[in-house]
file upload.cif (mmCIF, C-alpha atoms)
data_upload
loop_
_atom_site.group_PDB
_atom_site.id
_atom_site.type_symbol
_atom_site.label_atom_id
_atom_site.label_comp_id
_atom_site.auth_asym_id
_atom_site.auth_seq_id
_atom_site.Cartn_x
_atom_site.Cartn_y
_atom_site.Cartn_z
ATOM 1 C CA MET A 182 0.000 0.000 0.000
ATOM 2 C CA LEU A 183 1.365 3.403 -1.002
ATOM 3 C CA PHE A 184 0.084 6.518 0.721
ATOM 4 C CA ALA A 185 0.751 10.239 0.485
ATOM 5 C CA TYR A 186 -0.822 13.180 2.244
ATOM 6 C CA LYS A 187 -0.291 16.865 2.774
ATOM 7 C CA ALA A 188 1.017 17.744 6.228
ATOM 8 C CA ALA A 189 0.820 21.458 5.368
ATOM 9 C CA ASP A 190 -0.974 23.705 2.865
ATOM 10 C CA THR A 191 0.600 24.564 -0.503
ATOM 11 C CA ASN A 192 -0.003 28.033 -1.974
ATOM 12 C CA ARG A 193 0.423 29.107 -5.598
ATOM 13 C CA THR A 194 0.107 32.594 -7.069
ATOM 14 C CA SER A 195 0.956 34.553 -10.240
ATOM 15 C CA THR A 196 0.976 31.571 -12.602
ATOM 16 C CA THR A 197 -1.505 29.632 -14.692
ATOM 17 C CA SER A 198 0.584 26.474 -14.919
ATOM 18 C CA VAL A 199 -1.215 23.286 -13.870
ATOM 19 C CA THR A 200 1.554 21.279 -12.245
ATOM 20 C CA ALA A 201 1.977 18.413 -9.817
ATOM 21 C CA ASP A 202 1.369 18.973 -6.144
ATOM 22 C CA PRO A 203 4.626 18.528 -4.197
ATOM 23 C CA ASP A 204 3.049 16.007 -1.811
ATOM 24 C CA LEU A 205 0.202 14.266 -3.620
ATOM 25 C CA SER A 206 2.179 12.133 -6.045
ATOM 26 C CA ILE A 207 2.858 8.375 -5.976
ATOM 27 C CA ALA A 208 5.125 6.483 -8.384
ATOM 28 C CA LEU A 209 3.473 3.416 -9.938
ATOM 29 C CA ALA A 210 5.134 0.489 -11.699
ATOM 30 C CA ALA A 211 4.512 -0.620 -15.271
ATOM 31 C CA ASN A 212 2.148 -3.498 -16.072
ATOM 32 C CA THR A 213 0.582 -3.521 -12.610
ATOM 33 C CA ARG A 214 -2.958 -3.298 -11.307
ATOM 34 C CA TYR A 215 -3.838 -0.800 -8.602
ATOM 35 C CA VAL A 216 -6.874 0.433 -6.758
ATOM 36 C CA LEU A 217 -6.496 4.187 -6.327
ATOM 37 C CA ARG A 218 -8.276 6.543 -3.977
ATOM 38 C CA GLY A 219 -7.662 10.234 -3.478
ATOM 39 C CA CYS A 220 -9.285 13.260 -1.899
ATOM 40 C CA ALA A 221 -8.027 16.830 -2.225
ATOM 41 C CA HIS A 222 -9.370 19.980 -0.604
ATOM 42 C CA ALA A 223 -8.704 23.470 -1.895
ATOM 43 C CA ASN A 224 -9.787 27.058 -1.711
ATOM 44 C CA ALA A 225 -8.914 30.159 -3.690
ATOM 45 C CA ASN A 226 -9.789 33.783 -4.032
ATOM 46 C CA THR A 227 -12.571 34.427 -6.518
ATOM 47 C CA THR A 228 -10.352 36.172 -9.029
ATOM 48 C CA PRO A 229 -7.779 33.503 -9.852
ATOM 49 C CA ASP A 230 -10.133 30.517 -9.485
ATOM 50 C CA LEU A 231 -8.612 27.078 -9.458
ATOM 51 C CA ASN A 232 -7.765 24.521 -12.142
ATOM 52 C CA TRP A 233 -7.131 20.949 -11.024
ATOM 53 C CA ARG A 234 -7.265 17.308 -11.999
ATOM 54 C CA TRP A 235 -6.088 13.852 -10.988
ATOM 55 C CA ARG A 236 -3.595 12.645 -13.577
ATOM 56 C CA TYR A 237 -1.465 9.610 -14.322
ATOM 57 C CA THR A 238 1.748 10.561 -16.148
ATOM 58 C CA GLY A 239 2.384 7.140 -17.676
ATOM 59 C CA THR A 240 0.098 5.179 -19.971
ATOM 60 C CA LEU A 241 -2.771 2.950 -18.912
ATOM 61 C CA LEU A 242 -4.266 -0.227 -20.309
ATOM 62 C CA THR A 243 -7.534 0.115 -18.384
ATOM 63 C CA ALA A 244 -9.185 2.485 -15.937
ATOM 64 C CA ALA A 245 -12.627 2.418 -14.346
ATOM 65 C CA GLY A 246 -13.972 4.391 -11.443
ATOM 66 C CA LEU A 247 -15.829 7.434 -10.236
ATOM 67 C CA LEU A 248 -14.843 11.010 -9.563
ATOM 68 C CA THR A 249 -16.681 13.114 -7.001
ATOM 69 C CA TYR A 250 -16.678 16.878 -6.964
ATOM 70 C CA HIS A 251 -18.042 18.879 -4.048
ATOM 71 C CA THR A 252 -18.053 22.571 -3.326
ATOM 72 C CA GLN A 253 -18.456 24.637 -0.200
ATOM 73 C CA GLN A 254 -17.521 23.110 3.085
ATOM 74 C CA GLY A 255 -20.375 22.395 5.409
ATOM 75 C CA VAL A 256 -23.112 22.849 2.837
ATOM 76 C CA ILE A 257 -25.360 19.871 2.266
ATOM 77 C CA ALA A 258 -26.269 20.666 -1.294
ATOM 78 C CA THR A 259 -28.885 19.310 -3.600
ATOM 79 C CA VAL A 260 -27.360 17.739 -6.665
ATOM 80 C CA PRO A 261 -26.267 17.978 -9.361
ATOM 81 C CA LEU A 262 -23.861 20.408 -7.811
ATOM 82 C CA ASN A 263 -22.954 23.325 -9.990
ATOM 83 C CA ALA A 264 -19.458 21.933 -10.239
ATOM 84 C CA GLY A 265 -20.477 18.508 -11.485
ATOM 85 C CA ASP A 266 -20.888 16.059 -8.586
ATOM 86 C CA HIS A 267 -20.190 12.492 -9.757
ATOM 87 C CA MET A 268 -18.449 11.641 -13.024
ATOM 88 C CA PRO A 269 -17.331 8.304 -14.459
ATOM 89 C CA ILE A 270 -13.671 7.493 -14.905
ATOM 90 C CA GLY A 271 -12.928 5.492 -18.020
ATOM 91 C CA PRO A 272 -9.836 4.753 -20.099
ATOM 92 C CA GLY A 273 -8.136 8.040 -20.850
ATOM 93 C CA PHE A 274 -9.768 9.959 -18.055
ATOM 94 C CA LEU A 275 -6.633 10.029 -15.944
ATOM 95 C CA THR A 276 -4.105 10.306 -18.776
ATOM 96 C CA ALA A 277 -3.060 12.972 -21.245
ATOM 97 C CA GLY A 278 -6.547 14.149 -22.143
ATOM 98 C CA ALA A 279 -7.736 14.350 -18.560
ATOM 99 C CA VAL A 280 -10.241 17.115 -18.028
ATOM 100 C CA ILE A 281 -8.963 20.073 -16.071
ATOM 101 C CA PHE A 282 -11.762 21.226 -13.811
ATOM 102 C CA ASN A 283 -12.101 24.954 -13.482
ATOM 103 C CA ASN A 284 -13.633 25.546 -10.099
ATOM 104 C CA THR A 285 -15.297 28.940 -10.147
ATOM 105 C CA THR A 286 -17.127 28.551 -6.862
ATOM 106 C CA ASN A 287 -14.101 28.826 -4.619
ATOM 107 C CA THR A 288 -13.649 31.684 -2.232
ATOM 108 C CA THR A 289 -11.271 32.177 0.634
ATOM 109 C CA THR A 290 -13.858 30.730 2.986
ATOM 110 C CA HIS A 291 -15.676 28.200 0.787
ATOM 111 C CA ARG A 292 -13.768 25.067 -0.031
ATOM 112 C CA ALA A 293 -13.923 22.544 -2.824
ATOM 113 C CA LEU A 294 -13.131 18.859 -2.920
ATOM 114 C CA ILE A 295 -12.119 16.612 -5.781
ATOM 115 C CA ALA A 296 -12.082 12.917 -4.875
ATOM 116 C CA PHE A 297 -11.811 9.780 -6.927
ATOM 117 C CA GLU A 298 -11.673 6.019 -6.729
ATOM 118 C CA ALA A 299 -10.526 3.897 -9.642
ATOM 119 C CA ALA A 300 -9.084 0.533 -10.563
ATOM 120 C CA ILE A 301 -6.349 0.811 -13.170
ATOM 121 C CA GLU A 302 -3.865 -1.365 -15.010
ATOM 122 C CA THR A 303 -0.709 0.492 -15.946
ATOM 123 C CA ASN A 304 1.091 0.077 -19.253
ATOM 124 C CA SER A 305 4.148 2.209 -18.569
ATOM 125 C CA SER A 306 5.402 3.453 -15.219
ATOM 126 C CA GLY A 307 4.434 6.931 -14.083
ATOM 127 C CA ASN A 308 3.051 8.990 -11.245
ATOM 128 C CA ILE A 309 -0.525 9.274 -10.088
ATOM 129 C CA GLU A 310 -0.777 12.832 -8.844
ATOM 130 C CA LEU A 311 -2.901 15.895 -8.257
ATOM 131 C CA GLN A 312 -2.098 18.626 -10.779
ATOM 132 C CA TRP A 313 -3.330 22.121 -10.108
ATOM 133 C CA GLY A 314 -2.789 25.869 -10.423
ATOM 134 C CA PRO A 315 -4.609 29.220 -10.576
ATOM 135 C CA ASN A 316 -6.937 29.758 -13.532
ATOM 136 C CA ALA A 317 -5.858 33.383 -13.778
ATOM 137 C CA SER A 318 -2.499 34.743 -12.818
ATOM 138 C CA SER A 319 -2.801 37.182 -9.940
ATOM 139 C CA GLY A 320 -1.162 38.007 -6.694
ATOM 140 C CA LEU A 321 -3.799 36.061 -4.826
ATOM 141 C CA ALA A 322 -3.291 32.501 -3.712
ATOM 142 C CA CYS A 323 -4.835 29.194 -4.581
ATOM 143 C CA ILE A 324 -4.366 26.735 -1.750
ATOM 144 C CA VAL A 325 -4.451 22.943 -1.694
ATOM 145 C CA ARG A 326 -4.940 22.157 1.903
ATOM 146 C CA ALA A 327 -3.330 20.032 4.581
ATOM 147 C CA GLY A 328 -5.057 16.695 5.071
ATOM 148 C CA SER A 329 -5.552 16.043 1.347
ATOM 149 C CA TRP A 330 -4.526 12.448 0.604
ATOM 150 C CA LEU A 331 -3.805 9.825 -2.049
ATOM 151 C CA LEU A 332 -3.617 6.030 -1.736
ATOM 152 C CA ALA A 333 -2.551 3.290 -4.157
ATOM 153 C CA ASP A 334 -3.161 -0.382 -3.323
ATOM 154 C CA GLU A 335 -1.598 -2.980 -5.592
ATOM 155 C CA ALA A 336 -4.381 -5.366 -6.584
ATOM 156 C CA MET B 45 -5.117 -3.638 3.830
ATOM 157 C CA ILE B 46 -8.173 -3.358 6.069
ATOM 158 C CA THR B 47 -7.093 -3.502 9.712
ATOM 159 C CA ALA B 48 -10.468 -3.202 11.477
ATOM 160 C CA PHE B 49 -13.935 -4.092 10.242
ATOM 161 C CA ALA B 50 -17.451 -4.026 11.685
ATOM 162 C CA GLN B 51 -20.688 -5.111 10.075
ATOM 163 C CA LYS B 52 -24.301 -5.259 11.140
ATOM 164 C CA LEU B 53 -25.429 -8.882 11.079
ATOM 165 C CA SER B 54 -28.989 -7.899 11.951
ATOM 166 C CA SER B 55 -30.965 -4.703 11.495
ATOM 167 C CA GLU B 56 -31.334 -2.212 14.357
ATOM 168 C CA THR B 57 -34.540 -0.265 14.933
ATOM 169 C CA ARG B 58 -35.300 2.844 16.986
ATOM 170 C CA ASN B 59 -38.509 4.803 17.490
ATOM 171 C CA SER B 60 -40.126 7.492 19.641
ATOM 172 C CA THR B 61 -36.848 9.277 20.329
ATOM 173 C CA THR B 62 -34.737 11.986 18.757
ATOM 174 C CA ALA B 63 -31.598 10.953 20.637
ATOM 175 C CA LEU B 64 -28.537 10.752 18.410
ATOM 176 C CA THR B 65 -26.879 7.635 19.803
ATOM 177 C CA THR B 66 -24.183 5.255 18.659
ATOM 178 C CA ASP B 67 -25.059 2.331 16.448
ATOM 179 C CA ALA B 68 -24.889 -0.989 18.277
ATOM 180 C CA ASP B 69 -22.424 -2.466 15.776
ATOM 181 C CA LEU B 70 -20.823 0.272 13.704
ATOM 182 C CA THR B 71 -18.124 1.450 16.084
ATOM 183 C CA LEU B 72 -14.415 0.612 15.901
ATOM 184 C CA PRO B 73 -11.467 1.376 18.198
ATOM 185 C CA VAL B 74 -8.782 3.784 16.982
ATOM 186 C CA THR B 75 -5.243 4.092 18.341
ATOM 187 C CA SER B 76 -3.256 7.150 19.317
ATOM 188 C CA GLY B 77 -0.722 8.170 16.684
ATOM 189 C CA VAL B 78 -2.150 5.929 13.949
ATOM 190 C CA ARG B 79 -3.594 7.315 10.690
ATOM 191 C CA TYR B 80 -6.512 5.620 8.946
ATOM 192 C CA ILE B 81 -8.424 5.631 5.707
ATOM 193 C CA VAL B 82 -12.062 5.158 6.719
ATOM 194 C CA ARG B 83 -14.786 3.685 4.580
ATOM 195 C CA ALA B 84 -18.327 3.101 5.781
ATOM 196 C CA VAL B 85 -21.541 2.210 3.997
ATOM 197 C CA PHE B 86 -24.894 1.969 5.730
ATOM 198 C CA MET B 87 -28.448 1.489 4.506
ATOM 199 C CA CYS B 88 -31.455 2.851 6.332
ATOM 200 C CA THR B 89 -35.225 3.051 6.140
ATOM 201 C CA SER B 90 -37.588 5.404 7.916
ATOM 202 C CA PRO B 91 -41.218 6.459 7.616
ATOM 203 C CA ALA B 92 -41.552 9.934 6.160
ATOM 204 C CA THR B 93 -42.566 11.610 9.382
ATOM 205 C CA PRO B 94 -39.595 10.985 11.679
ATOM 206 C CA ASP B 95 -36.923 11.203 8.978
ATOM 207 C CA PHE B 96 -33.471 9.813 9.588
ATOM 208 C CA LYS B 97 -30.547 11.793 10.968
ATOM 209 C CA PHE B 98 -26.966 10.693 11.446
ATOM 210 C CA ARG B 99 -23.415 11.762 12.123
ATOM 211 C CA PHE B 100 -20.093 9.980 11.889
ATOM 212 C CA GLN B 101 -17.867 10.855 14.783
ATOM 213 C CA CYS B 102 -14.527 10.168 16.455
ATOM 214 C CA SER B 103 -14.233 10.303 20.242
ATOM 215 C CA VAL B 104 -10.648 11.639 20.286
ATOM 216 C CA THR B 105 -10.420 15.360 21.046
ATOM 217 C CA GLY B 106 -8.761 17.335 18.256
ATOM 218 C CA TYR B 107 -8.894 14.585 15.634
ATOM 219 C CA LYS B 108 -8.916 15.566 11.970
ATOM 220 C CA PHE B 109 -10.868 14.056 9.099
ATOM 221 C CA ASN B 110 -10.687 14.924 5.416
ATOM 222 C CA GLY B 111 -13.217 13.261 3.145
ATOM 223 C CA ARG B 112 -16.775 13.222 1.944
ATOM 224 C CA ILE B 113 -20.225 11.637 2.254
ATOM 225 C CA ARG B 114 -22.608 10.646 -0.502
ATOM 226 C CA ALA B 115 -26.178 9.461 -0.025
ATOM 227 C CA ARG B 116 -28.420 7.815 -2.631
ATOM 228 C CA PRO B 117 -32.066 6.744 -2.267
ATOM 229 C CA THR B 118 -33.629 3.788 -4.038
ATOM 230 C CA GLN B 119 -36.795 5.684 -4.867
ATOM 231 C CA ASN B 120 -37.446 6.138 -8.555
ATOM 232 C CA ALA B 121 -38.848 9.614 -8.044
ATOM 233 C CA GLU B 122 -36.342 11.267 -5.784
ATOM 234 C CA PRO B 123 -37.212 14.299 -3.694
ATOM 235 C CA SER B 124 -35.084 17.269 -4.616
ATOM 236 C CA ASN B 125 -33.221 17.050 -1.340
ATOM 237 C CA ALA B 126 -32.848 13.292 -1.372
ATOM 238 C CA ARG B 127 -29.242 13.080 -2.432
ATOM 239 C CA PRO B 128 -27.114 15.007 0.036
ATOM 240 C CA CYS B 129 -23.416 15.348 -0.546
ATOM 241 C CA ALA B 130 -21.072 16.728 2.052
ATOM 242 C CA MET B 131 -17.374 17.394 2.299
ATOM 243 C CA PHE B 132 -15.498 17.485 5.557
ATOM 244 C CA GLU B 133 -12.230 19.154 6.338
ATOM 245 C CA GLY B 134 -11.073 19.036 9.934
ATOM 246 C CA ASN B 135 -13.921 17.267 11.709
ATOM 247 C CA LEU B 136 -17.206 15.421 11.250
ATOM 248 C CA ASN B 137 -19.444 17.459 13.523
ATOM 249 C CA THR B 138 -22.239 18.044 10.992
ATOM 250 C CA VAL B 139 -25.484 16.185 11.647
ATOM 251 C CA ILE B 140 -27.120 15.212 8.349
ATOM 252 C CA VAL B 141 -30.879 14.741 7.990
ATOM 253 C CA LEU B 142 -32.187 12.641 5.099
ATOM 254 C CA ASN B 143 -35.332 14.682 4.602
ATOM 255 C CA GLY B 144 -37.984 12.629 2.886
ATOM 256 C CA SER B 145 -35.570 10.386 1.048
ATOM 257 C CA ALA B 146 -35.999 7.264 3.163
ATOM 258 C CA THR B 147 -39.382 5.586 3.528
ATOM 259 C CA SER B 148 -40.524 2.328 5.065
ATOM 260 C CA THR B 149 -40.041 0.606 1.735
ATOM 261 C CA HIS B 150 -37.369 2.746 0.069
ATOM 262 C CA ARG B 151 -33.959 2.762 1.622
ATOM 263 C CA VAL B 152 -31.104 5.221 1.388
ATOM 264 C CA THR B 153 -27.502 4.113 1.030
ATOM 265 C CA VAL B 154 -24.913 6.403 2.607
ATOM 266 C CA GLU B 155 -21.182 6.149 1.928
ATOM 267 C CA LEU B 156 -18.349 7.803 3.863
ATOM 268 C CA VAL B 157 -14.722 7.858 2.656
ATOM 269 C CA GLY B 158 -11.936 9.864 4.270
ATOM 270 C CA PHE B 159 -8.616 10.241 6.058
ATOM 271 C CA LEU B 160 -8.600 10.181 9.875
ATOM 272 C CA TYR B 161 -5.463 11.540 11.541
ATOM 273 C CA ASP B 162 -3.975 13.602 14.383
ATOM 274 C CA LEU B 163 -5.198 11.089 16.955
ATOM 275 C CA THR B 164 -3.597 12.068 20.258
ATOM 276 C CA ALA B 165 -5.316 9.371 22.322
ATOM 277 C CA ASN B 166 -7.051 6.041 21.911
ATOM 278 C CA GLY B 167 -10.768 6.202 21.229
ATOM 279 C CA ASN B 168 -13.387 5.077 18.738
ATOM 280 C CA PHE B 169 -14.804 5.929 15.334
ATOM 281 C CA ARG B 170 -18.529 5.413 15.094
ATOM 282 C CA LEU B 171 -21.901 6.052 13.485
ATOM 283 C CA ASP B 172 -24.439 7.949 15.599
ATOM 284 C CA TRP B 173 -28.046 8.027 14.377
ATOM 285 C CA GLY B 174 -31.667 8.527 15.392
ATOM 286 C CA GLN B 175 -35.031 9.965 14.403
ATOM 287 C CA ASN B 176 -35.139 13.623 13.426
ATOM 288 C CA THR B 177 -38.683 13.882 14.803
ATOM 289 C CA SER B 178 -39.898 11.538 17.513
ATOM 290 C CA ASP B 179 -42.383 9.095 16.011
ATOM 291 C CA PRO B 180 -43.602 5.557 16.801
ATOM 292 C CA GLY B 181 -42.735 4.464 13.278
ATOM 293 C CA ASN B 182 -39.590 2.383 13.057
ATOM 294 C CA THR B 183 -36.348 3.996 11.884
ATOM 295 C CA THR B 184 -33.889 1.261 10.940
ATOM 296 C CA VAL B 185 -30.258 0.753 9.982
ATOM 297 C CA LEU B 186 -30.179 -2.407 7.926
ATOM 298 C CA ALA B 187 -28.120 -5.569 8.266
ATOM 299 C CA GLY B 188 -25.113 -5.630 5.975
ATOM 300 C CA SER B 189 -24.058 -2.069 6.733
ATOM 301 C CA PHE B 190 -20.328 -1.905 7.443
ATOM 302 C CA MET B 191 -17.387 0.203 8.572
ATOM 303 C CA ALA B 192 -13.722 -0.453 7.727
ATOM 304 C CA LEU B 193 -10.445 1.133 8.848
ATOM 305 C CA GLU B 194 -7.193 0.858 6.924
ATOM 306 C CA GLU B 195 -3.962 1.941 8.618
ATOM 307 C CA VAL B 196 -1.815 4.196 6.404
#
call {"tool": "encode", "arguments": {"input": "upload.cif", "output": "structure tokens"}}
result
Amino acid sequence: MLFAYKAADTNRTSTTSVTADPDLSIALAANTRYVLRGCAHANANTTPDLNWRWRYTGTLLTAAGLLTYHTQQGVIATVPLNAGDHMPIGPGFLTAGAVIFNNTTNTTTHRALIAFEAAIETNSSGNIELQWGPNASSGLACIVRAGSWLLADEA
Amino acid sequence: MITAFAQKLSSETRNSTTALTTDADLTLPVTSGVRYIVRAVFMCTSPATPDFKFRFQCSVTGYKFNGRIRARPTQNAEPSNARPCAMFEGNLNTVIVLNGSATSTHRVTVELVGFLYDLTANGNFRLDWGQNTSDPGNTTVLAGSFMALEEV
């Protein structure tokens, strides 16, 4: 079992690059089956917004699972949430063409969550990781928060 | 690998009370200094009047939990508020009411997944539940519901 989590927040400002989180990244072997689970929390000022996705940097033979997207801590919302709620993960979802979610409902006080669970079979080795960055470059921070986590179980 | 597991082998019923009390089966010990991935799934039924309320909780002061809850009813025509979703960052103190989504014949399935950490003492992780409005109709958590802890 491989596990990673954020012991402290990470802030990013004045860039629009969507790059790997320094903590939420796990190296996976080629030609191996894994069950993956991850859950990331973030908040951002309204102006920059937040772009993020779960991404595997190698190639996959198969992938199946579900992605969950919540907004606003503490709110028990009706669904579908304006940010999407549940979405299927199929082949390609986690790889090069992975959708980058633009979360426009973040504020400094309202959080968002992007969680997923998937079974995959790797083709080449790579990293499963959270990639993220501000949607608009500004002096204001986007924050992926302490307690966010990622787990990979070899199956 | 799952390191602790609890499952309801028979259904548990409560009525005529709004007390939010711990499920008879769905409680597991947790250890100081250990981090866990938690997964729990329970199914419940309740007549429309009392409604069903619940809360997952850890007894250790200052614990942290990062994760989310999803709830899905089996009704074909779902009330607009029948599918609550919640995210938690820091603790699990929110009490969730399944307004109108569970009936005597239609159950709701609730799933919790998250990361439990910063445990400074031994304690337990548990499901608390009860009726939202006191009613003689039976509110039930069904057999088969489970809770699992995985040390990470």
call {"tool": "atom_distance", "arguments": {"input": "upload.cif", "atom1": "CA of Thr66 in chain B", "atom2": "CA of Leu53 in chain B"}}
result
16.1 Å
call {"tool": "residues_near_point", "arguments": {"input": "upload.cif", "point": "(-11.5, 11.5, 18.2)", "cutoff": "10 Å", "atoms": "all atoms listed in the file", "output": "PyMOL selection string"}}
result
chain B and resi 74-76+101-109+135-136+160-170
call {"tool": "write_last_selection", "arguments": {"input": "upload.cif", "atoms": "C-alpha atoms", "output": "PDB file, in the coordinates of the input"}}
result
ATOM      1  CA  VAL B  74      -8.782   3.784  16.982  1.00  0.00           C
ATOM      2  CA  THR B  75      -5.243   4.092  18.341  1.00  0.00           C
ATOM      3  CA  SER B  76      -3.256   7.150  19.317  1.00  0.00           C
ATOM      4  CA  GLN B 101     -17.867  10.855  14.783  1.00  0.00           C
ATOM      5  CA  CYS B 102     -14.527  10.168  16.455  1.00  0.00           C
ATOM      6  CA  SER B 103     -14.233  10.303  20.242  1.00  0.00           C
ATOM      7  CA  VAL B 104     -10.648  11.639  20.286  1.00  0.00           C
ATOM      8  CA  THR B 105     -10.420  15.360  21.046  1.00  0.00           C
ATOM      9  CA  GLY B 106      -8.761  17.335  18.256  1.00  0.00           C
ATOM     10  CA  TYR B 107      -8.894  14.585  15.634  1.00  0.00           C
ATOM     11  CA  LYS B 108      -8.916  15.566  11.970  1.00  0.00           C
ATOM     12  CA  PHE B 109     -10.868  14.056   9.099  1.00  0.00           C
ATOM     13  CA  ASN B 135     -13.921  17.267  11.709  1.00  0.00           C
ATOM     14  CA  LEU B 136     -17.206  15.421  11.250  1.00  0.00           C
ATOM     15  CA  LEU B 160      -8.600  10.181   9.875  1.00  0.00           C
ATOM     16  CA  TYR B 161      -5.463  11.540  11.541  1.00  0.00           C
ATOM     17  CA  ASP B 162      -3.975  13.602  14.383  1.00  0.00           C
ATOM     18  CA  LEU B 163      -5.198  11.089  16.955  1.00  0.00           C
ATOM     19  CA  THR B 164      -3.597  12.068  20.258  1.00  0.00           C
ATOM     20  CA  ALA B 165      -5.316   9.371  22.322  1.00  0.00           C
ATOM     21  CA  ASN B 166      -7.051   6.041  21.911  1.00  0.00           C
ATOM     22  CA  GLY B 167     -10.768   6.202  21.229  1.00  0.00           C
ATOM     23  CA  ASN B 168     -13.387   5.077  18.738  1.00  0.00           C
ATOM     24  CA  PHE B 169     -14.804   5.929  15.334  1.00  0.00           C
ATOM     25  CA  ARG B 170     -18.529   5.413  15.094  1.00  0.00           C
TER      26      ARG B 170
END
call {"tool": "resolve_selection", "arguments": {"input": "upload.cif", "expression": "the PyMOL selection byres ((chain B) within 12 of (chain A))", "output": "PDB file with C-alpha atoms, in the coordinates of the input"}}
result
ATOM      1  CA  MET B  45      -5.117  -3.638   3.830  1.00  0.00           C
ATOM      2  CA  ILE B  46      -8.173  -3.358   6.069  1.00  0.00           C
ATOM      3  CA  ARG B  79      -3.594   7.315  10.690  1.00  0.00           C
ATOM      4  CA  TYR B  80      -6.512   5.620   8.946  1.00  0.00           C
ATOM      5  CA  ILE B  81      -8.424   5.631   5.707  1.00  0.00           C
ATOM      6  CA  VAL B  82     -12.062   5.158   6.719  1.00  0.00           C
ATOM      7  CA  ARG B  83     -14.786   3.685   4.580  1.00  0.00           C
ATOM      8  CA  TYR B 107      -8.894  14.585  15.634  1.00  0.00           C
ATOM      9  CA  LYS B 108      -8.916  15.566  11.970  1.00  0.00           C
ATOM     10  CA  PHE B 109     -10.868  14.056   9.099  1.00  0.00           C
ATOM     11  CA  ASN B 110     -10.687  14.924   5.416  1.00  0.00           C
ATOM     12  CA  GLY B 111     -13.217  13.261   3.145  1.00  0.00           C
ATOM     13  CA  ARG B 112     -16.775  13.222   1.944  1.00  0.00           C
ATOM     14  CA  ILE B 113     -20.225  11.637   2.254  1.00  0.00           C
ATOM     15  CA  ARG B 114     -22.608  10.646  -0.502  1.00  0.00           C
ATOM     16  CA  ALA B 115     -26.178   9.461  -0.025  1.00  0.00           C
ATOM     17  CA  ARG B 116     -28.420   7.815  -2.631  1.00  0.00           C
ATOM     18  CA  GLU B 122     -36.342  11.267  -5.784  1.00  0.00           C
ATOM     19  CA  PRO B 123     -37.212  14.299  -3.694  1.00  0.00           C
ATOM     20  CA  SER B 124     -35.084  17.269  -4.616  1.00  0.00           C
ATOM     21  CA  ASN B 125     -33.221  17.050  -1.340  1.00  0.00           C
ATOM     22  CA  ALA B 126     -32.848  13.292  -1.372  1.00  0.00           C
ATOM     23  CA  ARG B 127     -29.242  13.080  -2.432  1.00  0.00           C
ATOM     24  CA  PRO B 128     -27.114  15.007   0.036  1.00  0.00           C
ATOM     25  CA  CYS B 129     -23.416  15.348  -0.546  1.00  0.00           C
ATOM     26  CA  ALA B 130     -21.072  16.728   2.052  1.00  0.00           C
ATOM     27  CA  MET B 131     -17.374  17.394   2.299  1.00  0.00           C
ATOM     28  CA  PHE B 132     -15.498  17.485   5.557  1.00  0.00           C
ATOM     29  CA  GLU B 133     -12.230  19.154   6.338  1.00  0.00           C
ATOM     30  CA  GLY B 134     -11.073  19.036   9.934  1.00  0.00           C
ATOM     31  CA  ASN B 135     -13.921  17.267  11.709  1.00  0.00           C
ATOM     32  CA  LEU B 136     -17.206  15.421  11.250  1.00  0.00           C
ATOM     33  CA  ASN B 137     -19.444  17.459  13.523  1.00  0.00           C
ATOM     34  CA  THR B 138     -22.239  18.044  10.992  1.00  0.00           C
ATOM     35  CA  VAL B 139     -25.484  16.185  11.647  1.00  0.00           C
ATOM     36  CA  ILE B 140     -27.120  15.212   8.349  1.00  0.00           C
ATOM     37  CA  VAL B 141     -30.879  14.741   7.990  1.00  0.00           C
ATOM     38  CA  LEU B 142     -32.187  12.641   5.099  1.00  0.00           C
ATOM     39  CA  ASN B 143     -35.332  14.682   4.602  1.00  0.00           C
ATOM     40  CA  LEU B 156     -18.349   7.803   3.863  1.00  0.00           C
ATOM     41  CA  VAL B 157     -14.722   7.858   2.656  1.00  0.00           C
ATOM     42  CA  GLY B 158     -11.936   9.864   4.270  1.00  0.00           C
ATOM     43  CA  PHE B 159      -8.616  10.241   6.058  1.00  0.00           C
ATOM     44  CA  LEU B 160      -8.600  10.181   9.875  1.00  0.00           C
ATOM     45  CA  TYR B 161      -5.463  11.540  11.541  1.00  0.00           C
ATOM     46  CA  ASP B 162      -3.975  13.602  14.383  1.00  0.00           C
ATOM     47  CA  GLU B 194      -7.193   0.858   6.924  1.00  0.00           C
ATOM     48  CA  GLU B 195      -3.962   1.941   8.618  1.00  0.00           C
ATOM     49  CA  VAL B 196      -1.815   4.196   6.404  1.00  0.00           C
TER      50      VAL B 196
END
call {"tool": "atom_distance", "arguments": {"input": "upload.cif", "atom1": "CA of Tyr215 in chain A", "atom2": "CA of Thr47 in chain B"}}
result
18.8 Å
call {"tool": "closest_residue", "arguments": {"input": "upload.cif", "among": "B:Ala192, B:Ala50, B:Arg151, B:Ser178", "to": "Ser90 in chain B", "atoms": "all atoms listed in the file"}}
result
B:Arg151
